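Student: Below is the structure I would like to discuss, written out as structure tokens.
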Number of protein chains: 2
Amino acid sequence: MIVRALKRGHSLQTEDGREVRGPDATKGDRTRMRILDEAAALASENGIGAVTLGPLADRLGMSKSGLFAHFKSKEALQVEVLIRAAERFTEVVISPIREEKDKTKRLALFFKNWLDWIEHPSLGSGKGGCPILAAHFEYDDVPGPVREQAAKHNGEFYDFIGRLVAVTAPQADRDATVAAIDGLGLSHLLRVRLMKDANARTHTMRAFEALLKNPPLKGVA
Amino acid sequence: MIVRALKRGHSLQTEDGREVRGPDATKGDRTRMRILDEAAALASENGIGAVTLGPLADRLGMSKSGLFAHFKSKEALQVEVLIRAAERFTEVVISPIREEKDKTKRLALFFKNWLDWIEHPSLGSGKGGCPILAAHFEYDDVPGPVREQAAKHNGEFYDFIGRLVAVTAPQADRDATVAAIDGLGLSHLLRVRLMKDANARTHTMRAFEALLKNPPLKGVA
DNA sequence: GAATAAAACGAACGGTCGTGCTATTTCTTG
DNA sequence: CAAGAAATAGCACGACCGTTCGTTTTATTC
């Protein structure tokens with residue numbers, strides 16, 4: 001087990017394709033998963049920057065050095081936490097929309113799932129907010145691998161929304177519409193988590209439906 | 001100078017009303033201002049949480065303890081940094097819109113100023129992003145005075161946008177429109193700073209103009 | 001079950017953090 | 001310019017940080 005899942009760029013398989021979850025996963029792989037899930041929970045509460053080895057080890061009931069041995073550095077751990085969180089995001093928010101067979105309804109379904117994720121992070125990881133969005137704002141100006149990983153995720157996220165927009169509102173200016181949708185999610189997070197506004201969802205949904213009804217059009221302004 | 005500006009809740013005057021800027025300000029007051037401005041710059045680059053005493057003292061060319069003596073705690077310093085950053089935000093983004101005599105055009109002018117602020121933080125403090133927004137996401141789930149201050153600012157910000165919306169688009173659902181506008185700014189920040197998208201402004205403006213043309217309406221959805 | 005590899009531990013390191021203290025310098029004021 | 005107050009520096013502290021290393025415990029494999 002010298003070769004780690006890290007090298008494959010995601011955390012579900014090792015290089016030889018062996019599953020990392022389930023009974024045929026080795027002990028180290030299982031612990032590794034426990035660590036990443038707990039770290040994601042911690043990150044969602046206090047930000048990726050607050051994922052420190054001591055407290056994380058305490059929460060896991062293991063030693064700091066034993067934990068550290070799974071990752072070559074704290075930075076590598078942070079990057080993996082982001083990858084893990086993105087996996088969960090895909091499982092909870094992205095993948096379920098395939099069950100909707102009317103493809104023009106998938107955008108609305110995705111948006112609803114996203115708001116759920118933002119409001120009830122228990123679906124995801126911790127009791128704090130979405131660790132991915134937190135990382136975006138935390139590292140938007142801090143060069144390094146964490147920033148690169150965050151930018152990569154956000155780019156894929158925009159592409160994903162863009163494809164949904166193209167199906168649901170082909171006449172719309174795609175990029176501008178993606179910006180508006182992304183913004184509604186971000187603003188929703190602040191109103192729910194920072195402002196504790198009980199009506200946040202109502203306002204967000206009104207704005208979203210108005211946006212779909214009259215999206216920004218191509219070539220205008 | 002036992003009584004500090006801090007106690008008044010903002011940083012431009014002491015309790016007795018004496019100006020803190022200009023020649024009749026005492027030396028300590030001036031140093032205090034230098035500290036807060038430099039701290040805001042540092043916060044804009046790496047977040048409020050990264051405003052630590054050692055590096056901040058280095059940048060100011062003074063000792064850690066000399067700096068610390070101006071504030072009773074690091075937390076108090078952070079709160080004051082937020083207050084100072086909000087003052088600058090008002091000076092640069094909010095106040096100038098009064099020069100527009102057509103009140104229905106003030107919303108658009110504000111939005112333009114805000115995007116400028118997000119893109120060119122030199123207008124504000126450091127070379128990083130808006131320290132206020134960064135603090136909102138950094139502390140949205142971390143209880144304490146910093147969080148309270150951030151929530152206060154955001155509430156006032158929403159009220160301000162809401163008043164502009166009421167003048168420019170009285171038929172609109174005010175809260176939903178405020179959410180959409182706020183979101184466009186947040187998303188703009190990510191696309192400019194994290195994604196380094198050169199077309200961010202074009203997309204943001206298209207979405208903004210579409211929003212003003214067809215805002216969410218009252219009582220709908 | 002013995003041999004071997006992987007995983008986890010415990011202690012220690014150099015470094016930085018926020019925060020007290022006391023002494024010294026610098027400003028302010030009569 | 002002298003006396004007093006305010007501002008700053010110097011130093012030390014305990015706590016926590018990421019990281020390393022040698023040892024011990026636990027899994028895996030034959």
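Residue names in the structure tokens use chain letters A, B, ... in the order shown, residue numbers from 1 in each chain, and ligand numbers from 1 in the order shown.
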When the cut-off is 10 Å and we count only C-alpha atoms (C1' of nucleotides), which residues of chain C are near chain A, given as a compact mmCIF listing (two decimals) with N, CA and C atoms (P, O5', C5', C4', C3', O3' and C1' of nucleotides), in the first residue's frame?
Tutor:
# COMPACT_ATOMS: atom_id res chain seq x y z
P DA C 5 8.50 -7.45 4.05
O5' DA C 5 7.25 -6.49 3.93
C5' DA C 5 6.02 -6.99 3.38
C4' DA C 5 4.85 -6.21 3.94
C3' DA C 5 5.03 -4.69 3.91
O3' DA C 5 3.86 -4.13 3.34
C1' DA C 5 4.40 -5.38 6.07
P DA C 6 3.78 -2.61 2.99
O5' DA C 6 2.65 -2.13 4.01
C5' DA C 6 1.45 -2.89 4.10
C4' DA C 6 0.66 -2.43 5.31
C3' DA C 6 0.44 -0.92 5.40
O3' DA C 6 -0.94 -0.71 5.57
C1' DA C 6 1.31 -1.76 7.45
P DA C 7 -1.52 0.73 5.62
O5' DA C 7 -1.66 0.97 7.18
C5' DA C 7 -2.31 -0.03 7.96
C4' DA C 7 -2.25 0.35 9.42
C3' DA C 7 -2.60 1.80 9.76
O3' DA C 7 -3.61 1.75 10.74
C1' DA C 7 -0.57 1.17 10.81
P DA C 8 -4.38 3.04 11.22
O5' DA C 8 -3.64 3.41 12.58
C5' DA C 8 -3.78 2.52 13.68
C4' DA C 8 -2.80 2.91 14.76
C3' DA C 8 -2.91 4.37 15.24
O3' DA C 8 -3.41 4.40 16.56
C1' DA C 8 -0.65 3.66 14.98
P DC C 9 -3.50 5.75 17.36
O5' DC C 9 -2.15 5.73 18.20
C5' DC C 9 -1.77 4.53 18.87
C4' DC C 9 -0.41 4.71 19.51
C3' DC C 9 -0.24 5.99 20.31
O3' DC C 9 0.01 5.66 21.66
C1' DC C 9 1.66 5.58 18.90
P DG C 10 -0.22 6.72 22.81
O5' DG C 10 1.25 7.26 23.07
C5' DG C 10 2.33 6.33 23.11
C4' DG C 10 3.61 7.04 23.43
C3' DG C 10 3.46 8.37 24.16
O3' DG C 10 4.50 8.46 25.14
C1' DG C 10 4.49 8.74 22.06
Student: Mind running chain A against chain B at 6 Å and telling me each contacting residue's nearest atom pair with the distance in Å (one decimal), counting only C-alpha atoms, chain and number ascending, as CSV?
Tutor:
residue,atom,partner,partner_atom,distance
A:Gly128,CA,B:Asp141,CA,5.9
A:Asp140,CA,B:Leu194,CA,4.5
A:Asp141,CA,B:Gly128,CA,5.9
A:Ala151,CA,B:Met195,CA,5.9
A:Ala176,CA,B:His203,CA,4.4
A:Ala180,CA,B:Leu184,CA,5.8
A:Gly183,CA,B:Gly183,CA,3.6
A:Leu184,CA,B:Gly183,CA,4.9
A:Leu186,CA,B:Gly183,CA,6.0
A:Ser187,CA,B:Gly183,CA,4.7
A:Arg193,CA,B:Asp140,CA,5.8
A:Leu194,CA,B:Asp140,CA,4.5
A:Met195,CA,B:Ala151,CA,5.9
A:His203,CA,B:Ala176,CA,4.4
A:Arg206,CA,B:Ala221,CA,5.8
A:Ala207,CA,B:Ala176,CA,5.2
A:Ala210,CA,B:Pro216,CA,4.9
A:Pro216,CA,B:Ala210,CA,4.9
A:Ala221,CA,B:Arg206,CA,5.8
Student: Pick out the residues sitting within 12 Å of DC21 in chain C, and hand them over as a CSV table (one decimal) with C-alpha atoms (C1' of nucleotides), in the first residue's frame; count only C-alpha atoms (C1' of nucleotides), and ignore anything fewer than 5 positions along from it in its own chain.
Tutor:
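Output saved as selection.csv:
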chain,number,residue,atom,x,y,z
B,65,SER,CA,3.6,44.2,22.0
D,10,DG,C1',11.9,44.0,25.0
D,11,DC,C1',11.4,39.8,27.0
D,12,DA,C1',9.3,35.7,28.7
D,13,DC,C1',5.3,32.6,29.3
Student: Just how far from CA of Phe68 in chain A is C1' of DA3 in chain C, in Å to one decimal?
Tutor: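 Calculated distance between C1' of DA3 in chain C and CA of Phe68 in chain A is 27.5 Å.
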Student: Once you count only C-alpha atoms (C1' of nucleotides), what closest atom pair and distance in Å to one decimal does each residue of chain D within 9 Å of chain B have, with rows by chain and rising residue number, as CSV?
Tutor:
residue,atom,partner,partner_atom,distance
D:DA6,C1',B:Met1,CA,7.6
D:DA7,C1',B:Gly28,CA,6.6
D:DT8,C1',B:Gly66,CA,4.9
D:DA9,C1',B:Ser63,CA,6.4
D:DG10,C1',B:Ser65,CA,8.8
